[in-house]
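Okay, so here's the structure we're looking at.
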There are 2 protein chains.
Amino acid sequence: MLIGGAEDKLRDKVILSRFAKFAGGAEGHVVVISTASSLGDAATEMYRELFLGLGIGRVTGLRPDDRAEAEDPRAALALADATGVFLTGGNQLRLSSVVGGTKLGASLFLAHDRGAAIAGTSAGASAMAAHMLAFGQSGPTPKNRMAQLSAGLGILQHVVVDQHFEQRSRIGRLLSVVAQSPSLIGIGLDEDTAAIVYADHTLEVVGRGAVTIVDGSAVRTDAHRGKGHRPLMMSGVVLHSLPSGYWFDLRARRLLPGAGPRRAEREASE
Amino acid sequence: MLIGGAEDKLRDKVILSRFAKFAGGAEGHVVVISTASSLGDAATEMYRELFLGLGIGRVTGLRPDDRAEAEDPRAALALADATGVFLTGGNQLRLSSVVGGTKLGASLFLAHDRGAAIAGTSAGASAMAAHMLAFGQSGPTPKNRMAQLSAGLGILQHVVVDQHFEQRSRIGRLLSVVAQSPSLIGIGLDEDTAAIVYADHTLEVVGRGAVTIVDGSAVRTDAHRGKGHRPLMMSGVVLHSLPSGYWFDLRARRLLPGAGPRRAEREASE
């Protein structure tokens with residue numbers, strides 16, 4: 001579950017409620033990993049209160065500050081019976097550089113394989129992908145050297161995720177990444193909006209804004225000839241802007257047939 | 001020639017020089033129409049100096065303030081031997097509501113048919129299209145009621161033009177217009193950037209930024225069900241972001257073959 005940041009925490013809590021449901025409710029054990037955050041334990045405590053309030057049985061906070069702490073077997077052990085993991089916002093490079101490739105990182109994969117719901121908001125969403133958008137500039141026109149990729153935690157393959165997408169005008173940098181790496185599908189998340197990616201590679205949109213999907217499979221580009229910070233040529237990118245209730249097939253790279261909010265039917269068959 | 005506003009007037013003047021060349025140089029007569037501008041005659045005077053400095057033989061200023069003045073045969077007559085017409089920036093609704101459907105408006109068509117170069121910057125670029133983006137909100141996510149269309153001057157058919165595109169983050173409103181009107185090709189112009197549209201419906205990009213082309217011919221959308229200011233669903237929009245030197249075929253809706261800056265070859269064959 002990829003969340004674009006600034007998800008509603010006071011009113012309907014549509015996105016966080018959805019996560020709480022995926023994470024097993026009263027029987028569930030959610031681990032909050034707040035390594036990305038600069039707020040110290042405040043982020044963990046805020047989400048602990050929220051998830052307990054949404055009926056989750058048990059919430060554990062983890063905040064490894066360096067790789068040694070992320071290698072500590074006790075951190076990995078905390079995930080052993082987790083039914084949900086929540087990665088807070090902050091700086092995605094902190095998350096990838098502290099947790100990536102450690103025992104805790106490996107136990108995230110195990111939890112995911114076991115069927116635990118893994119959610120990340122803002123930096124936590126970006127870090128979930130194998131190819132992580134680390135930082136970059138804002139603005140709608142794609143330019144050379146506009147964004148920097150790093151290796152993320154790798155829960156999701158073949159995508160690159162950007163967040164606060166509308167609010168920080170980040171379509172240019174997502175386009176520039178897809179121009180250089182058309183094998184990746186770009187996923188841009190508006191604030192208070194989530195993309196739920198299921199095991200069958202379908203994606204459901206939930207929340208107030210839209211999820212933008214950038215498909216570069218047919219792109220023509222001069223990205224390999226980019227110079228300085230000049231605009232990049234890219235021709236034939238396919239764009240999808242999907243509000244709440246719409247579904248997308250990430251493998252077929254198209255809107256799921258029966259366009260229109262389908263959540264109700266889908267949930268009925270779950 | 002559609003210019004995204006804020007074109008360079010001090011240094012290389014790449015865009016204005018190009019227009020001066022199209023407009024016939026020393027043999028040329030350029031008419032500057034500054035109706036859109038709120039600067040009074042200052043805009044006319046600035047462009048008069050610029051075009052004379054770029055070698056244009058004669059420059060005439062026209063600034064009809066109301067429809068009666070635009071119906072005055074003397075205004076139309078000023079265009080009779082014009083080799084170039086330049087529409088300044090300002091408010092495109094002023095241009096369309098004062099000039100649209102008047103004798104002056106008709107003489108613009110005649111000048112265009114005769115082969116005069118017609119250029120518009122900012123509001124002047126938007127007003128050139130038959131379907132004019134009149135005003136709207138900024139931001140990258142397309143939403144219902146985000147932009148308002150009016151009838152423009154109609155020099156260009158089948159397109160809708162937006163300007164200050166990168167600087168004012170206007171991709172969302174252009175997408176929302178194309179969602180509602182997929183028969184129109186959306187053209188987004190960055191500042192100091194121009195799209196030159198030739199008689200054969202090819203488009204050349206000149207200037208510092210990029211021209212964004214939004215092709216909605218294969219779009220699926222729920223625009224007809226839009227409510228309030230909520231995000232619109234649009235799936236399968238094809239996007240092209242083209243820097244200086246690239247060419248696009250507006251009829252075939254694709255990059256011209258032999259991608260890469262082709263201005264040199266093209267000019268050689270002109």
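A note on labels: chains of the structure tokens are A, B, ... as shown, every chain counts residues from 1, and ligands are counted from 1 in their shown order.
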Fill in: Interface list for chain A, partner chain B, 10 Å threshold, only C-alpha atoms, as an NGL selection string
:A and (138-143 or 165-172 or 175 or 188 or 190 or 208-216 or 218-222 or 225 or 230-246 or 248 or 253-255 or 259-260)
Could those residues be written to a file, using C-alpha atoms, as an mmCIF file, in the first residue's frame?
```
data_model
loop_
_atom_site.group_PDB
_atom_site.id
_atom_site.type_symbol
_atom_site.label_atom_id
_atom_site.label_comp_id
_atom_site.auth_asym_id
_atom_site.auth_seq_id
_atom_site.Cartn_x
_atom_site.Cartn_y
_atom_site.Cartn_z
ATOM 1 C CA SER A 138 9.878 19.980 -8.980
ATOM 2 C CA GLY A 139 8.111 21.262 -12.102
ATOM 3 C CA PRO A 140 6.146 19.638 -14.925
ATOM 4 C CA THR A 141 8.784 19.637 -17.691
ATOM 5 C CA PRO A 142 11.122 16.606 -17.678
ATOM 6 C CA LYS A 143 14.770 17.629 -17.635
ATOM 7 C CA PHE A 165 2.747 14.419 -6.380
ATOM 8 C CA GLU A 166 0.248 17.142 -7.092
ATOM 9 C CA GLN A 167 1.153 19.349 -4.145
ATOM 10 C CA ARG A 168 4.855 19.514 -5.056
ATOM 11 C CA SER A 169 4.368 19.374 -8.841
ATOM 12 C CA ARG A 170 6.539 16.326 -9.415
ATOM 13 C CA ILE A 171 5.377 15.031 -12.788
ATOM 14 C CA GLY A 172 8.505 16.316 -14.580
ATOM 15 C CA LEU A 175 8.746 11.567 -16.473
ATOM 16 C CA GLY A 188 2.775 9.392 -8.752
ATOM 17 C CA ASP A 190 -1.177 12.768 -4.584
ATOM 18 C CA ARG A 208 -8.951 12.155 -2.031
ATOM 19 C CA GLY A 209 -6.611 12.817 -4.997
ATOM 20 C CA ALA A 210 -5.422 10.827 -7.973
ATOM 21 C CA VAL A 211 -2.726 8.301 -8.776
ATOM 22 C CA THR A 212 -0.789 9.144 -11.936
ATOM 23 C CA ILE A 213 0.662 6.226 -13.859
ATOM 24 C CA VAL A 214 3.412 6.883 -16.403
ATOM 25 C CA ASP A 215 3.970 4.086 -18.923
ATOM 26 C CA GLY A 216 7.099 4.561 -21.005
ATOM 27 C CA ALA A 218 6.489 2.899 -26.199
ATOM 28 C CA VAL A 219 8.565 5.997 -25.487
ATOM 29 C CA ARG A 220 11.068 7.574 -27.838
ATOM 30 C CA THR A 221 13.562 9.702 -26.006
ATOM 31 C CA ASP A 222 16.935 11.409 -26.242
ATOM 32 C CA ARG A 225 22.086 12.398 -24.987
ATOM 33 C CA ARG A 230 18.123 20.897 -20.286
ATOM 34 C CA PRO A 231 14.644 19.582 -21.062
ATOM 35 C CA LEU A 232 14.533 15.967 -22.243
ATOM 36 C CA MET A 233 12.726 14.865 -25.364
ATOM 37 C CA MET A 234 10.224 12.136 -24.693
ATOM 38 C CA SER A 235 7.544 11.175 -27.160
ATOM 39 C CA GLY A 236 4.780 8.602 -26.777
ATOM 40 C CA VAL A 237 4.559 8.293 -23.005
ATOM 41 C CA VAL A 238 1.173 6.950 -21.960
ATOM 42 C CA LEU A 239 -0.377 8.652 -18.956
ATOM 43 C CA HIS A 240 -3.199 7.535 -16.681
ATOM 44 C CA SER A 241 -4.697 9.742 -13.984
ATOM 45 C CA LEU A 242 -6.879 7.624 -11.708
ATOM 46 C CA PRO A 243 -9.034 8.843 -8.830
ATOM 47 C CA SER A 244 -10.399 6.729 -6.005
ATOM 48 C CA GLY A 245 -12.200 3.560 -7.001
ATOM 49 C CA TYR A 246 -10.350 2.906 -10.244
ATOM 50 C CA PHE A 248 -5.137 -0.613 -13.039
ATOM 51 C CA ARG A 253 -0.290 -1.606 -18.244
ATOM 52 C CA ARG A 254 -3.922 -0.693 -18.704
ATOM 53 C CA LEU A 255 -7.070 0.326 -16.855
ATOM 54 C CA ALA A 259 -13.876 1.316 -15.813
ATOM 55 C CA GLY A 260 -15.511 3.175 -12.976
#
```
Practice prompt. Among the residues of stretch 15-143 of chain B, find those DSSP assigns to strand (DSSP E) from the backbone and print them as a ChimeraX atom specification.
Written response: /B:29-33,58-62,84-87,117-121,131-136
Discussion item. DSSP on the backbone: which residues in stretch 31-163 of chain B end up as helix (DSSP H, G or I)? Give the answer as a PyMOL selection string.
Written reply: chain B and resi 42-53+67-71+73-78+92-99+103-114+123-126
Report as a compact mmCIF listing (two decimals) with C-alpha atoms, in the first residue's frame all protein, DNA and RNA residues lying within 7 Å of B:Ser126, evaluated on only C-alpha atoms, omitting residues in the same chain fewer than 5 positions from it.
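Final output, selection05.txt:
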```txt
# COMPACT_ATOMS: atom_id res chain seq x y z
CA GLN B 92 -6.85 36.14 -23.81
CA MET B 132 -9.28 28.80 -26.36
CA LEU B 133 -8.27 27.92 -22.84
CA VAL B 161 -3.00 25.99 -26.27
CA ASP B 162 -1.73 26.70 -22.78
```
Exercise: stretch 57-74 of chain A partners within 10 Å, only C-alpha atoms, chain neighbours under 5 positions left out, as a short mmCIF file (atom, residue, chain, number, x, y, z; two decimals) with N, CA and C atoms, in the first residue's frame:
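That gives us selection.cif:
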```cif
data_model
loop_
_atom_site.label_atom_id
_atom_site.label_comp_id
_atom_site.auth_asym_id
_atom_site.auth_seq_id
_atom_site.Cartn_x
_atom_site.Cartn_y
_atom_site.Cartn_z
N ALA A 20 -5.66 -0.80 8.27
CA ALA A 20 -5.96 -1.53 9.51
C ALA A 20 -6.74 -2.80 9.20
N ALA A 23 -4.48 -5.30 7.79
CA ALA A 23 -3.52 -5.77 8.78
C ALA A 23 -4.17 -6.64 9.86
N GLY A 24 -5.44 -6.96 9.69
CA GLY A 24 -6.04 -7.98 10.55
C GLY A 24 -6.86 -7.50 11.74
N GLY A 25 -7.02 -6.18 11.86
CA GLY A 25 -7.91 -5.67 12.91
C GLY A 25 -7.48 -6.10 14.31
N ALA A 26 -8.43 -6.56 15.09
CA ALA A 26 -8.18 -6.86 16.51
C ALA A 26 -7.17 -8.00 16.68
N GLU A 27 -7.10 -8.90 15.70
CA GLU A 27 -6.14 -10.02 15.75
C GLU A 27 -4.76 -9.60 15.27
N GLY A 28 -4.67 -8.35 14.77
CA GLY A 28 -3.46 -7.95 14.06
C GLY A 28 -2.34 -7.43 14.95
N HIS A 29 -1.14 -7.49 14.40
CA HIS A 29 0.05 -6.90 15.04
C HIS A 29 0.76 -6.04 14.00
N VAL A 30 0.72 -4.73 14.21
CA VAL A 30 1.32 -3.79 13.26
C VAL A 30 2.65 -3.30 13.80
N VAL A 31 3.69 -3.35 12.97
CA VAL A 31 4.99 -2.79 13.33
C VAL A 31 5.17 -1.47 12.57
N VAL A 32 5.40 -0.39 13.32
CA VAL A 32 5.63 0.92 12.71
C VAL A 32 7.14 1.16 12.66
N ILE A 33 7.67 1.37 11.47
CA ILE A 33 9.11 1.65 11.33
C ILE A 33 9.26 3.13 10.97
N SER A 34 9.86 3.90 11.90
CA SER A 34 9.90 5.35 11.74
C SER A 34 11.31 5.86 11.44
N THR A 35 12.15 5.00 10.91
CA THR A 35 13.54 5.38 10.63
C THR A 35 13.63 6.60 9.72
N ALA A 36 12.71 6.71 8.77
CA ALA A 36 12.78 7.83 7.81
C ALA A 36 12.53 9.17 8.48
N SER A 37 11.76 9.17 9.55
CA SER A 37 11.28 10.41 10.15
C SER A 37 12.36 11.13 10.95
N GLY A 40 11.83 11.77 15.67
CA GLY A 40 12.12 10.89 16.80
C GLY A 40 10.97 9.92 16.99
N ASP A 41 10.62 9.64 18.24
CA ASP A 41 9.56 8.66 18.50
C ASP A 41 8.17 9.23 18.32
N ALA A 43 6.59 10.22 15.68
CA ALA A 43 5.88 9.62 14.55
C ALA A 43 5.33 8.26 14.95
N THR A 44 6.18 7.46 15.62
CA THR A 44 5.74 6.13 16.05
C THR A 44 4.54 6.25 16.97
N GLU A 45 4.63 7.17 17.93
CA GLU A 45 3.54 7.30 18.91
C GLU A 45 2.24 7.72 18.24
N TYR A 47 1.26 7.15 15.12
CA TYR A 47 0.65 6.03 14.39
C TYR A 47 0.19 4.93 15.34
N ARG A 48 0.90 4.77 16.46
CA ARG A 48 0.45 3.76 17.44
C ARG A 48 -0.97 4.10 17.91
N GLU A 49 -1.15 5.38 18.30
CA GLU A 49 -2.48 5.82 18.75
C GLU A 49 -3.52 5.61 17.65
N LEU A 50 -3.15 6.01 16.42
CA LEU A 50 -4.08 5.90 15.29
C LEU A 50 -4.49 4.44 15.06
N PHE A 51 -3.52 3.55 15.02
CA PHE A 51 -3.83 2.16 14.68
C PHE A 51 -4.59 1.47 15.82
N LEU A 52 -4.23 1.79 17.07
CA LEU A 52 -5.00 1.23 18.19
C LEU A 52 -6.43 1.75 18.10
N LEU A 79 9.23 -8.52 13.68
CA LEU A 79 8.39 -8.68 12.49
C LEU A 79 7.87 -10.11 12.33
N ALA A 80 8.35 -11.02 13.15
CA ALA A 80 8.06 -12.43 12.90
C ALA A 80 6.57 -12.74 12.85
N ALA A 82 4.24 -10.18 12.61
CA ALA A 82 3.53 -8.97 12.17
C ALA A 82 2.53 -9.31 11.06
N THR A 83 1.34 -8.74 11.17
CA THR A 83 0.35 -8.88 10.10
C THR A 83 0.30 -7.60 9.26
N GLY A 84 1.01 -6.57 9.75
CA GLY A 84 1.09 -5.32 9.00
C GLY A 84 2.37 -4.59 9.36
N VAL A 85 2.96 -3.91 8.38
CA VAL A 85 4.14 -3.07 8.64
C VAL A 85 3.85 -1.71 8.04
N PHE A 86 4.15 -0.66 8.79
CA PHE A 86 3.88 0.69 8.31
C PHE A 86 5.18 1.50 8.34
N LEU A 87 5.60 1.99 7.18
CA LEU A 87 6.81 2.81 7.07
C LEU A 87 6.40 4.27 7.05
N ARG A 94 17.27 7.78 4.21
CA ARG A 94 17.57 7.25 5.55
C ARG A 94 17.04 5.83 5.65
N LEU A 95 15.83 5.63 5.16
CA LEU A 95 15.21 4.30 5.22
C LEU A 95 16.02 3.30 4.42
N SER A 97 19.16 3.53 3.36
CA SER A 97 20.56 3.37 3.75
C SER A 97 20.71 2.72 5.12
N VAL A 98 19.70 2.86 5.98
CA VAL A 98 19.78 2.21 7.30
C VAL A 98 19.23 0.78 7.24
N VAL A 99 18.09 0.59 6.54
CA VAL A 99 17.40 -0.71 6.59
C VAL A 99 17.75 -1.62 5.39
N GLY A 100 18.02 -0.99 4.24
CA GLY A 100 18.23 -1.80 3.02
C GLY A 100 19.39 -2.77 3.18
N GLY A 101 19.15 -4.04 2.87
CA GLY A 101 20.23 -5.04 2.91
C GLY A 101 20.60 -5.52 4.30
N THR A 102 19.78 -5.21 5.32
CA THR A 102 20.06 -5.69 6.69
C THR A 102 19.11 -6.83 7.04
N LYS A 103 19.28 -7.38 8.22
CA LYS A 103 18.36 -8.43 8.68
C LYS A 103 16.93 -7.90 8.73
N LEU A 104 16.78 -6.65 9.17
CA LEU A 104 15.43 -6.08 9.23
C LEU A 104 14.85 -5.95 7.82
N GLY A 105 15.69 -5.52 6.86
CA GLY A 105 15.23 -5.46 5.47
C GLY A 105 14.78 -6.82 4.98
N ALA A 106 15.55 -7.87 5.30
CA ALA A 106 15.20 -9.22 4.85
C ALA A 106 13.91 -9.68 5.51
N SER A 107 13.71 -9.29 6.78
CA SER A 107 12.50 -9.75 7.47
C SER A 107 11.25 -9.04 6.93
#
```
Item to complete: Using only C-alpha atoms, determine which residues lie at most 9 Å from B:Val177, disregarding the query and same-chain residues fewer than 3 positions distant; provide the list as number ranges by chain.
Response: B: 133, 142, 146-149, 160, 172-174, 180-182, 184, 186
How about saving the chosen residues, C-alpha atoms kept, as an mmCIF file, in the first residue's frame?
```cif
data_model
loop_
_atom_site.group_PDB
_atom_site.id
_atom_site.type_symbol
_atom_site.label_atom_id
_atom_site.label_comp_id
_atom_site.auth_asym_id
_atom_site.auth_seq_id
_atom_site.Cartn_x
_atom_site.Cartn_y
_atom_site.Cartn_z
ATOM 1 C CA LEU B 133 -8.268 27.915 -22.836
ATOM 2 C CA PRO B 142 -6.618 16.895 -13.836
ATOM 3 C CA MET B 146 -10.432 23.033 -13.580
ATOM 4 C CA ALA B 147 -10.376 25.046 -16.801
ATOM 5 C CA GLN B 148 -12.755 27.065 -18.908
ATOM 6 C CA LEU B 149 -12.902 26.981 -22.724
ATOM 7 C CA VAL B 160 -5.967 23.962 -27.456
ATOM 8 C CA GLY B 172 -3.537 19.316 -14.988
ATOM 9 C CA ARG B 173 -5.812 21.879 -16.599
ATOM 10 C CA LEU B 174 -4.625 20.975 -20.114
ATOM 11 C CA GLN B 180 -13.508 16.543 -22.026
ATOM 12 C CA SER B 181 -12.539 17.248 -25.664
ATOM 13 C CA PRO B 182 -10.267 14.474 -26.950
ATOM 14 C CA LEU B 184 -8.371 18.629 -29.549
ATOM 15 C CA GLY B 186 -3.317 19.941 -26.154
#
```
Item to complete: Write out as a list in words the residues lying within 8 Å of B:His131, counting only C-alpha atoms and excluding same-chain residues fewer than 4 positions away.
Response: Leu149, Ser150, Ala151, Gly152, Gly154, Gln157, His158, Val159 and Val160 of chain B
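Taking atom CA of A:Asp200 and atom CA of A:Arg251 as the two end points, the separation is 8.9 Å.
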